[in-house]
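Source file: my_file.csv (CSV, C-alpha atoms)
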chain,number,residue,atom,x,y,z
F,1,ASN,CA,0.0,0.0,0.0
F,2,ILE,CA,2.6,2.5,-1.0
F,3,LEU,CA,3.3,5.1,-3.8
F,4,GLY,CA,-0.3,5.2,-4.9
F,5,GLN,CA,-3.0,7.9,-4.7
F,6,ARG,CA,-3.7,9.7,-1.5
F,7,PRO,CA,-3.7,8.7,1.3
F,8,TYR,CA,-1.3,6.0,0.0
F,9,ASP,CA,1.1,8.3,-1.8
F,10,SER,CA,3.9,7.6,0.7
F,11,PHE,CA,4.9,5.0,3.2
F,12,GLU,CA,2.7,6.1,6.1
F,13,ARG,CA,0.1,3.5,5.4
F,14,ALA,CA,2.5,0.7,4.3
F,15,GLU,CA,1.8,-2.9,5.4
F,16,THR,CA,4.9,-5.0,5.4
F,17,THR,CA,4.5,-8.8,5.9
F,18,LEU,CA,7.1,-11.4,6.6
F,19,GLN,CA,5.6,-14.9,5.9
F,20,PHE,CA,6.8,-18.5,6.2
F,21,SER,CA,4.9,-21.2,4.2
F,22,LEU,CA,5.1,-24.9,4.7
F,23,PRO,CA,3.6,-27.3,2.1
F,24,ILE,CA,2.1,-30.4,3.6
F,25,GLU,CA,1.9,-33.4,1.3
F,26,LEU,CA,-1.3,-35.4,1.3
F,27,GLY,CA,-1.8,-38.9,0.0
F,28,ALA,CA,1.5,-40.4,1.2
F,29,LYS,CA,3.5,-38.8,-1.7
F,30,HIS,CA,6.8,-38.9,0.2
F,31,ALA,CA,6.5,-42.6,0.9
F,32,ALA,CA,5.6,-43.3,-2.8
F,33,ARG,CA,8.7,-41.3,-4.0
F,34,VAL,CA,10.9,-43.3,-1.6
F,35,ALA,CA,9.5,-46.6,-2.8
F,36,ALA,CA,9.9,-45.6,-6.4
F,37,GLY,CA,13.5,-44.5,-5.8
F,38,SER,CA,14.3,-47.8,-4.0
F,39,ALA,CA,12.8,-49.7,-6.9
F,40,ASP,CA,14.9,-47.8,-9.4
F,41,VAL,CA,18.0,-48.6,-7.4
F,42,THR,CA,17.1,-52.3,-7.3
F,43,ALA,CA,16.5,-52.3,-11.1
F,44,ALA,CA,19.8,-50.6,-11.7
F,45,GLU,CA,21.6,-53.2,-9.6
F,46,ALA,CA,19.9,-56.0,-11.4
F,47,LEU,CA,20.9,-54.5,-14.7
F,48,ARG,CA,24.5,-54.1,-13.6
F,49,ARG,CA,24.6,-57.7,-12.5
F,50,GLU,CA,23.1,-58.8,-15.8
F,51,GLY,CA,25.7,-56.8,-17.6
F,52,ARG,CA,28.6,-58.3,-15.7
F,53,LEU,CA,27.3,-61.8,-16.4
F,54,VAL,CA,27.0,-61.0,-20.1
F,55,TYR,CA,30.5,-59.7,-20.0
F,56,ALA,CA,31.8,-62.9,-18.3
F,57,PHE,CA,30.0,-65.0,-20.9
F,58,GLU,CA,31.5,-63.0,-23.8
F,59,LEU,CA,35.0,-63.2,-22.1
F,60,ALA,CA,34.7,-66.9,-21.8
F,61,LEU,CA,33.8,-67.3,-25.4
F,62,ALA,CA,36.6,-65.0,-26.5
F,63,TYR,CA,39.1,-66.9,-24.4
F,64,GLY,CA,37.9,-70.2,-25.8
F,65,ALA,CA,38.1,-68.8,-29.3
F,66,ALA,CA,41.7,-67.8,-28.7
F,67,GLU,CA,42.6,-71.2,-27.4
F,68,ALA,CA,40.9,-72.9,-30.3
F,69,GLY,CA,42.9,-70.6,-32.6
F,70,ASP,CA,46.1,-71.9,-31.0
F,71,ARG,CA,45.0,-75.5,-31.5
F,72,ARG,CA,44.0,-74.9,-35.1
F,73,VAL,CA,47.3,-73.2,-35.9
F,74,ALA,CA,49.1,-76.2,-34.4
F,75,LEU,CA,47.0,-78.5,-36.5
F,76,ALA,CA,47.6,-76.5,-39.6
F,77,GLU,CA,51.4,-76.4,-39.0
F,78,ASP,CA,51.3,-80.2,-38.6
F,79,GLU,CA,49.4,-80.5,-41.9
F,80,VAL,CA,52.0,-78.3,-43.7
F,81,SER,CA,54.8,-80.4,-42.2
F,82,GLU,CA,53.2,-83.7,-43.2
F,83,ALA,CA,52.3,-82.4,-46.7
F,84,ALA,CA,56.0,-81.4,-47.1
F,85,ASN,CA,57.0,-84.9,-46.0
F,86,ILE,CA,54.6,-86.5,-48.6
F,87,LEU,CA,56.0,-84.1,-51.2
F,88,GLY,CA,59.6,-85.3,-50.4
F,89,MET,CA,58.5,-88.9,-50.7
F,90,VAL,CA,56.7,-88.3,-54.0
F,91,ARG,CA,59.8,-86.6,-55.4
F,92,ALA,CA,62.0,-89.5,-54.4
F,93,PHE,CA,59.5,-91.9,-56.1
F,94,ILE,CA,59.6,-89.7,-59.2
F,95,LEU,CA,63.4,-89.8,-59.3
F,96,SER,CA,63.2,-93.6,-59.0
F,97,GLY,CA,60.6,-93.8,-61.8
F,98,ARG,CA,57.8,-95.1,-59.5
F,99,GLU,CA,55.7,-92.0,-60.0
F,100,PRO,CA,55.1,-89.7,-63.0
F,101,ARG,CA,56.0,-86.1,-62.7
F,102,LEU,CA,52.3,-85.2,-62.5
F,103,ARG,CA,52.2,-86.6,-59.0
F,104,GLY,CA,54.9,-84.1,-58.0
F,105,SER,CA,52.7,-81.2,-59.1
F,106,GLN,CA,49.8,-82.7,-57.2
F,107,ALA,CA,51.8,-83.1,-54.0
F,108,GLU,CA,53.2,-79.6,-54.4
F,109,ALA,CA,49.7,-78.1,-54.8
F,110,GLU,CA,48.7,-79.9,-51.7
F,111,VAL,CA,51.6,-78.2,-49.8
F,112,HIS,CA,50.5,-74.8,-51.1
F,113,ALA,CA,46.9,-75.5,-50.1
F,114,MET,CA,48.0,-76.4,-46.6
F,115,GLN,CA,50.2,-73.3,-46.3
F,116,GLY,CA,47.1,-71.2,-47.3
F,117,ASP,CA,45.1,-72.9,-44.6
F,118,LEU,CA,47.9,-72.2,-42.1
F,119,GLY,CA,47.8,-68.5,-43.0
F,120,LEU,CA,44.1,-68.4,-42.5
F,121,ALA,CA,44.4,-70.2,-39.2
F,122,ARG,CA,47.0,-67.7,-38.0
F,123,ALA,CA,44.8,-64.7,-39.1
F,124,ASN,CA,41.8,-66.1,-37.3
F,125,ARG,CA,44.0,-66.6,-34.2
F,126,THR,CA,45.2,-63.0,-34.4
F,127,ALA,CA,41.6,-61.8,-34.6
F,128,ALA,CA,40.6,-64.0,-31.6
F,129,TYR,CA,43.5,-62.7,-29.5
F,130,ALA,CA,42.6,-59.1,-30.5
F,131,ARG,CA,39.0,-59.5,-29.4
F,132,LEU,CA,40.1,-61.1,-26.1
F,133,SER,CA,42.5,-58.2,-25.5
F,134,ALA,CA,39.8,-55.7,-26.2
F,135,LEU,CA,37.4,-57.4,-23.8
F,136,ALA,CA,40.0,-57.5,-21.2
F,137,GLY,CA,40.8,-53.8,-21.6
F,138,ASN,CA,44.4,-54.4,-22.7
F,139,GLU,CA,45.8,-52.0,-25.3
F,140,GLU,CA,48.6,-54.5,-26.2
F,141,PRO,CA,47.1,-57.7,-27.7
F,142,PHE,CA,47.7,-61.0,-25.9
F,143,THR,CA,50.0,-63.4,-27.6
F,144,SER,CA,49.5,-66.5,-25.4
F,145,LEU,CA,47.2,-67.9,-22.7
F,146,ALA,CA,48.2,-68.8,-19.2
F,147,ASP,CA,45.8,-71.7,-18.6
F,148,PRO,CA,43.7,-73.8,-20.9
F,149,LEU,CA,39.9,-73.4,-20.8
F,150,LEU,CA,38.7,-75.9,-23.4
F,151,GLY,CA,38.2,-79.3,-22.0
F,152,ARG,CA,37.9,-78.1,-18.4
F,153,PHE,CA,34.1,-78.0,-18.4
F,154,ASP,CA,33.2,-81.2,-20.3
F,155,ALA,CA,31.1,-82.6,-17.4
F,156,ARG,CA,27.4,-82.2,-17.8
F,157,PRO,CA,25.6,-80.2,-15.0
F,158,SER,CA,24.6,-82.4,-12.1
F,159,ALA,CA,21.5,-80.4,-11.4
F,160,GLY,CA,18.5,-80.1,-13.7
F,161,PRO,CA,17.7,-77.2,-16.0
F,162,PRO,CA,17.8,-73.8,-14.3
F,163,ASP,CA,14.6,-72.0,-13.5
F,164,PRO,CA,13.7,-69.4,-16.3
F,165,LEU,CA,12.2,-67.2,-13.5
F,166,GLN,CA,15.7,-66.9,-12.0
F,167,ALA,CA,17.5,-66.0,-15.2
F,168,PRO,CA,19.3,-62.6,-14.8
F,169,ALA,CA,17.6,-61.0,-17.8
F,170,TYR,CA,14.2,-62.0,-16.4
F,171,LEU,CA,15.1,-60.7,-12.9
F,172,THR,CA,16.2,-57.4,-14.5
F,173,ALA,CA,13.0,-57.1,-16.4
F,174,ARG,CA,10.9,-57.9,-13.3
F,175,ALA,CA,12.8,-55.2,-11.3
F,176,GLU,CA,12.2,-52.7,-14.0
F,177,ARG,CA,8.5,-53.7,-14.0
F,178,ASP,CA,8.3,-53.2,-10.2
F,179,ALA,CA,10.0,-49.8,-10.6
F,180,ALA,CA,7.5,-48.8,-13.3
F,181,GLU,CA,4.6,-49.8,-11.0
F,182,LYS,CA,6.0,-47.5,-8.3
F,183,ARG,CA,6.3,-44.6,-10.7
F,184,VAL,CA,2.6,-45.0,-11.7
F,185,MET,CA,1.8,-44.7,-8.0
F,186,VAL,CA,3.9,-41.6,-7.7
F,187,GLU,CA,2.1,-39.9,-10.6
F,188,ARG,CA,-1.3,-40.9,-9.2
F,189,ARG,CA,-0.5,-39.5,-5.8
F,190,LYS,CA,0.6,-36.2,-7.5
F,191,ALA,CA,-3.0,-35.7,-8.5
F,192,ILE,CA,-4.0,-35.3,-4.8
F,193,PRO,CA,-3.8,-31.6,-4.0
F,194,ASP,CA,-1.4,-30.5,-1.2
F,195,ILE,CA,-2.1,-28.1,1.6
F,196,THR,CA,0.1,-25.1,2.2
F,197,VAL,CA,0.1,-23.7,5.8
F,198,SER,CA,1.5,-20.2,6.2
F,199,VAL,CA,2.3,-18.0,9.2
F,200,GLY,CA,3.8,-14.6,9.3
F,201,ALA,CA,4.2,-11.2,11.0
F,202,ARG,CA,2.8,-7.9,9.6
F,203,ARG,CA,3.8,-4.3,10.3
F,204,ILE,CA,0.9,-1.8,9.9
F,205,GLU,CA,2.6,1.6,9.6
F,206,SER,CA,-0.5,3.7,9.9
F,207,ASP,CA,-1.4,2.2,13.3
F,208,LYS,CA,2.2,1.7,14.3
F,209,ALA,CA,1.3,-1.9,15.2
F,210,HIS,CA,2.3,-5.4,14.5
F,211,ALA,CA,0.0,-8.4,13.8
F,212,LEU,CA,0.3,-12.1,13.1
F,213,THR,CA,-1.0,-13.6,9.9
F,214,ALA,CA,-2.0,-17.2,9.3
F,215,GLY,CA,-3.4,-19.0,6.3
F,216,VAL,CA,-4.2,-22.3,4.6
F,217,THR,CA,-4.1,-22.8,0.8
F,218,ILE,CA,-5.7,-25.7,-0.9
F,219,PRO,CA,-5.4,-25.8,-4.8
F,220,LEU,CA,-8.3,-27.2,-6.8
F,221,ASN,CA,-7.2,-29.4,-9.7
F,222,LEU,CA,-10.1,-28.6,-11.9
F,223,PHE,CA,-8.3,-28.7,-15.2
F,224,ASP,CA,-5.1,-30.7,-14.5
F,225,ALA,CA,-5.3,-33.9,-12.5
F,226,ASN,CA,-1.8,-35.1,-13.8
F,227,ARG,CA,-3.6,-37.2,-16.3
F,228,GLY,CA,-0.8,-36.9,-18.9
F,229,ASN,CA,1.9,-38.1,-16.6
F,230,ILE,CA,-0.3,-40.9,-15.3
F,231,ALA,CA,-1.0,-42.1,-18.8
F,232,ALA,CA,2.7,-42.0,-19.7
F,233,SER,CA,3.7,-44.0,-16.7
F,234,GLN,CA,1.0,-46.6,-17.3
F,235,ALA,CA,2.2,-47.0,-20.9
F,236,ASP,CA,5.7,-47.5,-19.5
F,237,LEU,CA,4.3,-50.1,-17.1
F,238,ARG,CA,2.6,-52.0,-19.9
F,239,ALA,CA,5.9,-52.0,-21.9
F,240,THR,CA,7.9,-53.4,-19.0
F,241,ASN,CA,5.2,-56.1,-18.4
F,242,ALA,CA,5.6,-57.1,-22.1
F,243,ARG,CA,9.4,-57.2,-21.8
F,244,MET,CA,9.2,-59.3,-18.6
F,245,ALA,CA,7.0,-61.8,-20.4
F,246,GLN,CA,9.3,-61.9,-23.4
F,247,GLU,CA,12.4,-62.3,-21.2
F,248,ARG,CA,10.8,-65.3,-19.5
F,249,LEU,CA,10.2,-66.9,-22.9
F,250,ASN,CA,13.7,-66.0,-24.0
F,251,ALA,CA,15.2,-67.6,-20.8
F,252,ALA,CA,13.2,-70.8,-21.4
F,253,ALA,CA,14.3,-70.9,-25.0
F,254,ASP,CA,17.9,-70.3,-24.1
F,255,ILE,CA,17.9,-73.1,-21.5
F,256,SER,CA,16.5,-75.5,-24.1
F,257,SER,CA,19.0,-74.3,-26.6
F,258,ALA,CA,21.9,-74.7,-24.2
F,259,PHE,CA,21.1,-78.3,-23.4
F,260,ALA,CA,20.5,-79.0,-27.0
F,261,GLU,CA,23.9,-77.6,-27.9
F,262,LEU,CA,25.4,-79.6,-25.0
F,263,ASP,CA,23.9,-82.8,-26.3
F,264,ALA,CA,25.1,-82.0,-29.9
F,265,ALA,CA,28.6,-81.2,-28.6
F,266,ASP,CA,28.7,-84.4,-26.7
F,267,ALA,CA,27.6,-86.4,-29.7
F,268,GLN,CA,30.1,-84.5,-31.9
F,269,ALA,CA,32.9,-85.1,-29.5
F,270,ARG,CA,32.1,-88.9,-29.3
F,271,ALA,CA,31.9,-89.1,-33.1
F,272,ALA,CA,35.2,-87.1,-33.4
F,273,ASP,CA,37.0,-89.4,-31.0
F,274,HIS,CA,35.9,-92.5,-33.0
F,275,ALA,CA,36.7,-90.7,-36.3
F,276,LEU,CA,40.1,-89.7,-35.0
F,277,ALA,CA,41.1,-93.2,-34.0
F,278,THR,CA,39.9,-94.6,-37.3
F,279,ALA,CA,41.5,-91.8,-39.3
F,280,GLU,CA,44.9,-92.2,-37.6
F,281,ALA,CA,44.9,-96.0,-38.2
F,282,GLY,CA,43.7,-95.4,-41.8
F,283,TYR,CA,46.5,-92.8,-42.5
F,284,ARG,CA,49.2,-95.0,-41.1
F,285,LEU,CA,48.0,-97.9,-43.2
F,286,ALA,CA,47.6,-95.7,-46.3
F,287,HIS,CA,51.2,-94.3,-45.7
F,288,ILE,CA,52.6,-97.9,-45.5
F,289,VAL,CA,50.6,-99.1,-48.6
F,290,TYR,CA,51.7,-96.0,-50.6
F,291,GLN,CA,55.3,-96.5,-49.7
F,292,ALA,CA,55.0,-100.1,-50.9
F,293,GLY,CA,53.6,-98.9,-54.2
F,294,LYS,CA,50.3,-100.6,-53.8
F,295,SER,CA,48.0,-97.5,-53.6
F,296,SER,CA,47.8,-94.1,-55.3
F,297,LEU,CA,48.8,-90.7,-54.0
F,298,ALA,CA,45.2,-89.6,-54.1
F,299,GLU,CA,44.3,-92.3,-51.5
F,300,LEU,CA,47.1,-91.2,-49.3
F,301,LEU,CA,46.0,-87.5,-49.5
F,302,THR,CA,42.4,-88.5,-48.9
F,303,SER,CA,43.3,-90.4,-45.7
F,304,ARG,CA,45.4,-87.4,-44.6
F,305,HIS,CA,42.4,-85.0,-45.1
F,306,ALA,CA,40.2,-87.4,-43.1
F,307,LEU,CA,42.7,-87.2,-40.2
F,308,ALA,CA,42.8,-83.4,-40.4
F,309,GLY,CA,39.0,-83.2,-40.4
F,310,ALA,CA,38.8,-85.5,-37.3
F,311,ARG,CA,41.3,-83.4,-35.4
F,312,SER,CA,39.5,-80.2,-36.3
F,313,ALA,CA,36.1,-81.7,-35.3
F,314,ILE,CA,37.5,-82.3,-31.8
F,315,VAL,CA,38.4,-78.6,-31.5
F,316,ASP,CA,34.9,-77.7,-32.8
F,317,ALA,CA,33.3,-79.9,-30.2
F,318,ALA,CA,35.3,-78.4,-27.4
F,319,GLU,CA,34.3,-74.9,-28.4
F,320,ALA,CA,30.6,-76.0,-28.6
F,321,ARG,CA,30.8,-77.5,-25.2
F,322,LEU,CA,32.4,-74.3,-23.8
F,323,ARG,CA,29.6,-72.1,-25.3
F,324,ALA,CA,26.8,-74.3,-24.0
F,325,GLY,CA,28.4,-74.4,-20.5
F,326,ALA,CA,29.0,-70.7,-20.5
F,327,LEU,CA,25.4,-70.0,-21.6
F,328,LEU,CA,24.0,-72.3,-18.8
F,329,ALA,CA,26.3,-70.6,-16.3
F,330,ARG,CA,25.0,-67.2,-17.4
F,331,LEU,CA,21.4,-68.3,-17.0
F,332,GLN,CA,22.2,-69.5,-13.5
F,333,GLY,CA,23.7,-66.2,-12.6
F,334,ARG,CA,27.3,-67.3,-12.4
F,335,THR,CA,30.5,-67.4,-14.4
F,336,ILE,CA,31.7,-70.6,-16.2
F,337,THR,CA,34.2,-71.1,-13.4
F,338,GLY,CA,31.3,-71.2,-10.8
F,339,GLU,CA,31.8,-67.8,-9.4
F,340,THR,CA,28.5,-66.1,-8.3
F,341,LEU,CA,28.5,-62.4,-9.2
F,342,PRO,CA,26.8,-59.9,-6.8
Would you write the structure of this file as structure tokens?
Amino acid sequence: NILGQRPYDSFERAETTLQFSLPIELGAKHAARVAAGSADVTAAEALRREGRLVYAFELALAYGAAEAGDRRVALAEDEVSEAANILGMVRAFILSGREPRLRGSQAEAEVHAMQGDLGLARANRTAAYARLSALAGNEEPFTSLADPLLGRFDARPSAGPPDPLQAPAYLTARAERDAAEKRVMVERRKAIPDITVSVGARRIESDKAHALTAGVTIPLNLFDANRGNIAASQADLRATNARMAQERLNAAADISSAFAELDAADAQARAADHALATAEAGYRLAHIVYQAGKSSLAELLTSRHALAGARSAIVDAAEARLRAGALLARLQGRTITGETLP
């Protein structure tokens, strides 16, 4: 009431108020916000644990691939060495007149083919080590492995299939669904108007007096009941429910797939073991028969290829077993070495 028309053209009729206002939340808004914040923390922890398990899974696969790369390079080097030995034997037979010169070209082409396979195996090994180094966070690529991983986890799980409802991805989705439910409750509580209580002191200059003031304010949500935010949080809740249902189906499918891969790897390993024993015996016999001049070079090379295929199949089976075991471990919330991640 100052600087107006008379009698308010000065400060003689001024009213000065100092007021303190305190909003009072109704509808348990604070408890809803606390519950929503706690649910968000739980969801974040579940997501962090799932990420660590996925990382452990990828790291195990990368380690296994690097070790398999070492084995395949060793096999390819052995193939080159044996192809060179066969070439030397063929050349000796050519000089003695037991083989035509065409057989020398055939044996030499076989050596070049094996050298090409060796180059490819080395390139694949380099790529596998580079991926392992990247996952481990090393700028300098690894060049060797300290301990073997393939073959250490050949035993089948003693327990039955893991529960899909305990899969880390499903637990994360469920935690996110719970957090979305809490956010819906927060938005619904916001629609309840709050009360603001105020108290203050007023100086009335014209009467040279002081007075206390008190008030209660209650807003009326006539045109805005927080409907937009409630609808958005409900849509988010429906999305998280759908994701949770999908993750349950995915977990069940992954469990079935892991056991199917494990069965296939076991069958592949058994077949490879039998094939290796047969191929080794067949190659020894073919080598003796060829030296005796009673078989052709093509038969010797065919038996050598069968031996190489059997050896490679054993490495493939070990990799398949490792993948299936790592997948089952991830679905059980642990690493392939049995460590449970918090």
- [ ] Can you work out which one of F:Ala258, F:Ala35, F:Val315, F:Ile192 has the shortest atom-to-atom distance to F:Asn226, counting only C-alpha atoms?
- [x] F:Ile192
- [ ] Considering only C-alpha atoms, state which residue in the set F:Gln106, F:Ser198, F:Asn138, F:Ser133 is at the smallest distance from F:Leu18.
- [x]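 Counting only C-alpha atoms, the residue closest to F:Leu18 is F:Ser198.
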Task: Spatial neighbours of F:Glu50, max dist 12 Å, all atoms listed in the file, sep filter under 4 positions, as a list in words - done: Ala43, Ala44, Glu45, Ala46, Val54, Tyr55, Ala56, Phe57, Gln166, Ala167, Pro168, Ala169, Tyr170, Leu171, Thr172, Ala173, Ala175, Arg330, Leu331, Gln332, Gly333, Arg334, Thr335, Thr340, Leu341 and Pro342 of chain F
Please dump the current selection as a compact mmCIF listing (two decimals), keeping the file's coordinate frame; keep C-alpha atoms.
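Writing the result to selection.txt gives the following:
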# COMPACT_ATOMS: atom_id res chain seq x y z
CA ALA F 43 16.50 -52.30 -11.10
CA ALA F 44 19.80 -50.60 -11.70
CA GLU F 45 21.60 -53.20 -9.60
CA ALA F 46 19.90 -56.00 -11.40
CA VAL F 54 27.00 -61.00 -20.10
CA TYR F 55 30.50 -59.70 -20.00
CA ALA F 56 31.80 -62.90 -18.30
CA PHE F 57 30.00 -65.00 -20.90
CA GLN F 166 15.70 -66.90 -12.00
CA ALA F 167 17.50 -66.00 -15.20
CA PRO F 168 19.30 -62.60 -14.80
CA ALA F 169 17.60 -61.00 -17.80
CA TYR F 170 14.20 -62.00 -16.40
CA LEU F 171 15.10 -60.70 -12.90
CA THR F 172 16.20 -57.40 -14.50
CA ALA F 173 13.00 -57.10 -16.40
CA ALA F 175 12.80 -55.20 -11.30
CA ARG F 330 25.00 -67.20 -17.40
CA LEU F 331 21.40 -68.30 -17.00
CA GLN F 332 22.20 -69.50 -13.50
CA GLY F 333 23.70 -66.20 -12.60
CA ARG F 334 27.30 -67.30 -12.40
CA THR F 335 30.50 -67.40 -14.40
CA THR F 340 28.50 -66.10 -8.30
CA LEU F 341 28.50 -62.40 -9.20
CA PRO F 342 26.80 -59.90 -6.80
Task: Two-atom distance - atom CA of F:Ala269, atom CA of F:Ala317 (Å) - done: 5.3 Å
Task: 7 Å contact set for F:Val186, all atoms listed in the file, chain neighbours under 4 positions out, as an MDAnalysis selection string - done: chainID F and resid 29 32:33 182 190
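Every protein, DNA or RNA residue with an atom at most 8 Å from F:Asn241, where all atoms listed in the file count and chain neighbours fewer than 3 positions away do not, is listed here: Arg174, Arg177, Leu237, Arg238, Met244 and Ala245 of chain F.
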Next, dump the selected residues to file, keeping only C-alpha atoms, as an mmCIF file, keeping the file's coordinate frame.
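Result written to selection-v6.cif:
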data_model
loop_
_atom_site.group_PDB
_atom_site.id
_atom_site.type_symbol
_atom_site.label_atom_id
_atom_site.label_comp_id
_atom_site.auth_asym_id
_atom_site.auth_seq_id
_atom_site.Cartn_x
_atom_site.Cartn_y
_atom_site.Cartn_z
ATOM 1 C CA ARG F 174 10.900 -57.900 -13.300
ATOM 2 C CA ARG F 177 8.500 -53.700 -14.000
ATOM 3 C CA LEU F 237 4.300 -50.100 -17.100
ATOM 4 C CA ARG F 238 2.600 -52.000 -19.900
ATOM 5 C CA MET F 244 9.200 -59.300 -18.600
ATOM 6 C CA ALA F 245 7.000 -61.800 -20.400
#
Task: Given all atoms listed in the file as the counted atoms, nearest of F:Glu58, F:Asp316, F:Asp78, F:Asp194 to F:Gly27 - done: F:Asp194
Using only C-alpha atoms, I'd like a table of the residues in stretch 293-341 of chain F that come within 8 Å of stretch 60-66 of chain F; for each, show the closest atom pair and its distance in Å rounded to one decimal, ordered by chain and ascending number, as CSV.
residue,atom,partner,partner_atom,distance
F:Glu319,CA,F:Gly64,CA,6.5
F:Leu322,CA,F:Gly64,CA,7.1
F:Arg323,CA,F:Leu61,CA,6.4
F:Ala326,CA,F:Ala60,CA,7.0
F:Ile336,CA,F:Ala60,CA,7.4
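Going from atom CA of F:Val289 to atom CA of F:Ala313 covers 26.3 Å.
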- [ ] Do a neighbour search on F:Phe142 at 8 Å with all atoms listed in the file, toss out local chain neighbours closer than 4 positions, and write the hits as a PyMOL selection string.
- [x] chain F and resi 129-130+132-133
- [ ] Identify, on the basis of all atoms listed in the file, every residue whose closest approach to F:Gln234 does not exceed 8 Å; exclude the query and any residue fewer than 5 positions from it along the same chain; express the result as a PyMOL selection string.
- [x] chain F and resi 180-181+184
Task: For F:Ala231, the nearest of the candidates F:Arg152, F:Arg72, F:Arg203, F:Arg188, counting all atoms listed in the file - done: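 The answer is F:Arg188, which sits nearest to F:Ala231.
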Task: F:Val90, F:Ala320, F:Ala14, F:Ala28 ranked by distance to F:Ala298, top pick (using all atoms listed in the file) - done: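 Looking at the shortest contact to F:Ala298, the residue is F:Val90.
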Open item on the list: Can you measure atom CA of F:Ala318 to atom CA of F:Ala271 for me? One decimal in Å is fine.
Closed with: 12.6 Å
Task: Shortest interatomic distance to F:Gly215 - which of F:Ile288, F:Ile230, F:Val197, F:Ala84, counting only C-alpha atoms - done: F:Val197
